[in-house]
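Read the structure below first, then the notes.
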2 protein chains.
Amino acid sequence: MAAHPVSPLAPSKLPVLPPVAGARLATAHSGMRYQGRDDLVMMEFAPGTRVAGLFTRSSMPGAPVDWCRKILSGGNARALVVNAGIANVFTGKAGQQSVKTTADGAAKTLGCRASEVYLASTGVIGQILPAEKIVAQMPKLKAGLDGGNWLAAAKAIMTTDTFPKLATVTCEIDGRKVTINGIAKGSGMIAPDMATMLAFLVTDAKLAAETLQALLKAAANQSFNCLTVDGDTSTSDTVLLFATGAAGNAAHSKPSDKRLADFRRALVQVMSELAQLIARDGEGAQKLVTIEVTGAKNDGSARIIARAIANSPLVKTAIAGGDANWGRIVMAVGKSAEPADRDKLVIKIGDKPVTARGMVRPDHDEAYATRHFKGRDVRISVDVGIGKGTAKVWTCDLTHGYIDINADYRS
Amino acid sequence: MAAHPVSPLAPSKLPVLPPVAGARLATAHSGMRYQGRDDLVMMEFAPGTRVAGLFTRSSMPGAPVDWCRKILSGGNARALVVNAGIANVFTGKAGQQSVKTTADGAAKTLGCRASEVYLASTGVIGQILPAEKIVAQMPKLKAGLDGGNWLAAAKAIMTTDTFPKLATVTCEIDGRKVTINGIAKGSGMIAPDMATMLAFLVTDAKLAAETLQALLKAAANQSFNCLTVDGDTSTSDTVLLFATGAAGNAAHSKPSDKRLADFRRALVQVMSELAQLIARDGEGAQKLVTIEVTGAKNDGSARIIARAIANSPLVKTAIAGGDANWGRIVMAVGKSAEPADRDKLVIKIGDKPVTARGMVRPDHDEAYATRHFKGRDVRISVDVGIGKGTAKVWTCDLTHGYIDINADYRS
């Protein structure tokens with residue numbers, strides 16, 4: 001498997017994540033696919049840890065997704081086991097057996113129930129996951145558990161990712177300091193053989209599982225759900241949020257409680273950072289693209305329009321080429337089939353408006369727009385002139401690199 | 001504007017289209033964008049010619065689409081004027097004026113009403129169409145009108161097309177021989193700056209406008225609506241069917257009349273041929289891909305699934321690379337969000353089944369599948385195990401050529 005060059009959009013410096021009380025991590029090498037690097041992560045959580053989860057909407061979910069969905073109703077978590085290399089998707093009964101073997105192995109190793117062991121796998125679809133290779137590493141994983149292994153964990157879950165993705169934030173609940181750490185991999189919807197969007201968040205906040213679930217869902221709508229690379233939804237997308245409770249705050253149960261306002265803000269922040277890191281590492285990405293839609297019928301309509309622009313191969317190739325071809329943005333709005341007023345449509349590239357009254361503005365600054373499209377950070381905003389709906393989406397450009405990575409990856 | 005090499009999927013021989021009684025054609029050079037080639041087509045139809053039309057569903061249609069929609073209610077046609085190079089889309093009031101000037105010019109030249117002059121433009125979005133350059137050529141166009149100019153017309157409407165697209169078929173209505181000729185351009189949904197799906201069909205059948213419209217719509221569902229290249233819907237897609245009535249058949253008015261069965265078949269045939277030619281000339285296409293879905297909840301659901309596969313960048317790049325990566329087909333079915341049974345899903349590549357019982361078959365012939373994917377003509381079929389809905393979609397692969405053509409076309 002050829003390594004691909006690190007994305008030019010990679011952050012110049014990786015954050016150092018502090019330990020989160022009640023959580024320990026370890027990594028190991030299974031040998032199932034990758035050579036010379038770790039490909040397994042184990043996290044162990046203190047008793048009483050609560051968990052929330054969001055999963056792919058694909059009708060072809062992987063066996064680990066089925067498993068997590070099933071045990072999530074319990075709301076308790078003691079461990080997470082992740083492997084990179086084989087996704088354990090479309091593997092029938094054998095896939096279910098791999099999941100059971102892995103969960104049983106972790107439960108025995110850590111002294112908890114299998115139904116408290118969360119699992120995620122990322123990699124090739126359709127291959128059987130050799131769970132025994134994971135279980136064989138569990139004694140070593142247990143021995144290596146430590147609060148400080150976040151960078152190693154972020155690296156061990158990488159597949160086609162060209163850099164590890166980490167974020168951390170602190171906030172307060174009732175005056176107590178709370179930390180939220182997160183790691184993520186893969187390029188969201190890009191979903192090639194080897195990629196899956198996985199994100200794992202760990203906080204020491206004390207929160208009931210139902211509250212946690214509501215907060216996670218709301219934050220995902222402002223972060224991971226604003227992300228698209230190529231519109232291809234993975235069969236394995238998984239976001240898990242673990243709360244160890246070690247911060248000892250009072251466990252407010254109403255998600256909208258104003259005493260949780262800072263936690264809500266912090267959760268959106270750390271998840272948004274991870275989402276943007278994923279867009280920055282979209283396969284072949286040379287540019288981070290932010291698309292904002294306003295004036296739509298409602299927020300849902302705005303998101304559909306924003307995604308139509310973000311997923312348009314013609315818009316994405318124009319951005320790749322630094323050609324500020326705004327006509328393609330008109331096309332993408334039109335094809336979304338959402339309400340939009342052609343004669344009120346205002347497209348902005350960077351900070352300057354391009355259109356008015358159903359045509360290009362007489363003062364359109366083509367040179368400025370071209371310069372903006374040639375940069376690393378492209379911003380497009382569109383007001384569709386109908387209502388008050390808004391949405392924001394992050395994506396990247398469509399380049400030769402995407403074709404290189406995906407045209408003959410497996411063979 | 002760099003010329004791109006002729007698609008390797010181009011037919012080895014172009015059909016010679018016979019004249020259609022009641023229709024004459026001419027081409028000319030406007031000089032508005034292309035050098036050294038004709039870029040204008042005029043067709044003149046005998047009095048009494050009826051017309052049917054289908055147009056883009058984009059909410060940002062071009063001025064010529066607005067015009068054709070408006071006059072179509074009359075059902076009568078005496079002329080068609082098409083230009084290549086500038087699409088007259090998103091041009092506000094100036095665009096409406098260009099349309100009026102062109103229609104008035106043709107009406108005056110040919111001695112008919114402006115409301116009988118159909119218009120189509122293809123090319124760059126957002127530029128004003130210099131109608132005076134079209135009108136200036138009208139005397140020359142009129143002088144050149146001839147029943148035999150089909151190849152010249154098919155060439156004059158090309159933009160990024162690498163070969164002209166023509167088809168002809170004969171059929172019978174009540175024992176009378178009827179001809180249907182068609183020309184088309186552009187790569188359907190691919191919709192780059194310079195492309196638009198335009199198709200013009202001319203028959204000597206005698207049919208009422210309402211009947212014609214119903215027949216055209218039904219045939220489009222089995223031909224052009226089975227076509228996708230990159231999922232980007234053009235602002236200018238136009239299909240027009242003109243019937244001169246010169247064949248002198250009895251004008252059966254019920255579209256489902258069994259005496260029209262052969263005409264219906266012939267119409268689907270000529271339109272399917274054109275649709276496949278468009279897929280064969282998709283930008284950067286190296287392979288024609290046919291996707292058949294069966295076992296869906298209904299035909300509409302089957303089409304959504306087939307399009308999800310056909311538009312998936314990961315499936316298209318795998319085909320480009322000759323990597324029979326069937327896991328990506330699973331992914332695409334899953335992301336369609338249409339009902340599908342993971343454990344009954346049967347994917348076939350070429351003639352051989354790949355999956356059964358929610359996983360790969362033990363007898364899966366990887367070497368065969370790879371050979372099939374490396375060929376020019378790739379067939380994928382998927383039974384989703386739910387019901388009786390079926391659909392077929394034609395597309396092409398996603399290659400470096402697509403990026404080359406679209407990344408810096410305008411600049």
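Each chain in the structure tokens gets a letter, A, B and so on, in the order shown; residues start at 1 in every chain, and ligands are counted from 1 in the order they appear.
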| request: Write out as a PyMOL selection string which residues come within 12 Å of Ala318 in chain A when counting only C-alpha atoms, dropping same-chain ones fewer than 6 positions away. | output: (chain A and resi 287+289+309-310+312+324-329+369-370+373-374+378+396-399) or (chain B and resi 192-193+402-411)
| task | Extract the full set of strand (DSSP E or B) residues from range 14-234 of chain A according to DSSP on the backbone, and format it as a PyMOL selection string. | result | chain A and resi 23-28+40-45+50-55+76+79-86+117-124+146+165-173+176-185+198-203+227
| task | Would you list, as number ranges by chain, the residues of range 284-408 of chain A that end up in alpha helix (DSSP H) under DSSP run on this structure's backbone? | result | A: 299-311, 313-320, 327-335, 366-374, 400-407
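Of the listed residues A:Thr170, A:Thr244, A:Gln222, A:Asn249, the one whose atoms come nearest to Met43 in chain A is A:Thr244, with distances taken using only C-alpha atoms.
The shell of residues at most 7 Å from Leu145 in chain A, with only C-alpha atoms counted and near chain neighbours (fewer than 2 positions) removed, consists of Arg24, Leu25, Ala26, Leu141, Lys142 and Ala143 of chain A.
Using only C-alpha atoms, the residues found no farther than 9 Å from Arg357 in chain A, other than those of its own chain fewer than 2 positions away, are Arg342, Asp343, Lys344, Leu345, Val346, Thr355, Met359, Val360 and Arg361 of chain A; Thr91, Gly92 and Lys93 of chain B.
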| field | Contact residues around Ile180 in chain B with only C-alpha atoms at 10 Å, ignoring same-chain residues under 4 positions, as a count of residues only | value | 23
| request: Tell me which protein, DNA and RNA residues are within 7 Å of Lys297 in chain B, counting only C-alpha atoms, leaving out same-chain ones fewer than 4 positions away, and put them as a list in words. | output: Ser301, Pro339, Ile386, Gly387, Lys388 and Gly389 of chain B
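The gap separating CA of Ile380 in chain B from CA of Tyr368 in chain B is 13.2 Å, in Å to one decimal.
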| request: Find the residues near Ser236 in chain A: any atom within 10 Å, counting only C-alpha atoms, skip ones fewer than 3 places away on the same chain, and give them as a VMD selection string. | output: (chain A and resid 55 to 58 60 to 66 87 to 89 120 to 123 125 188 191 195 to 198 233 239) or (chain B and resid 331)
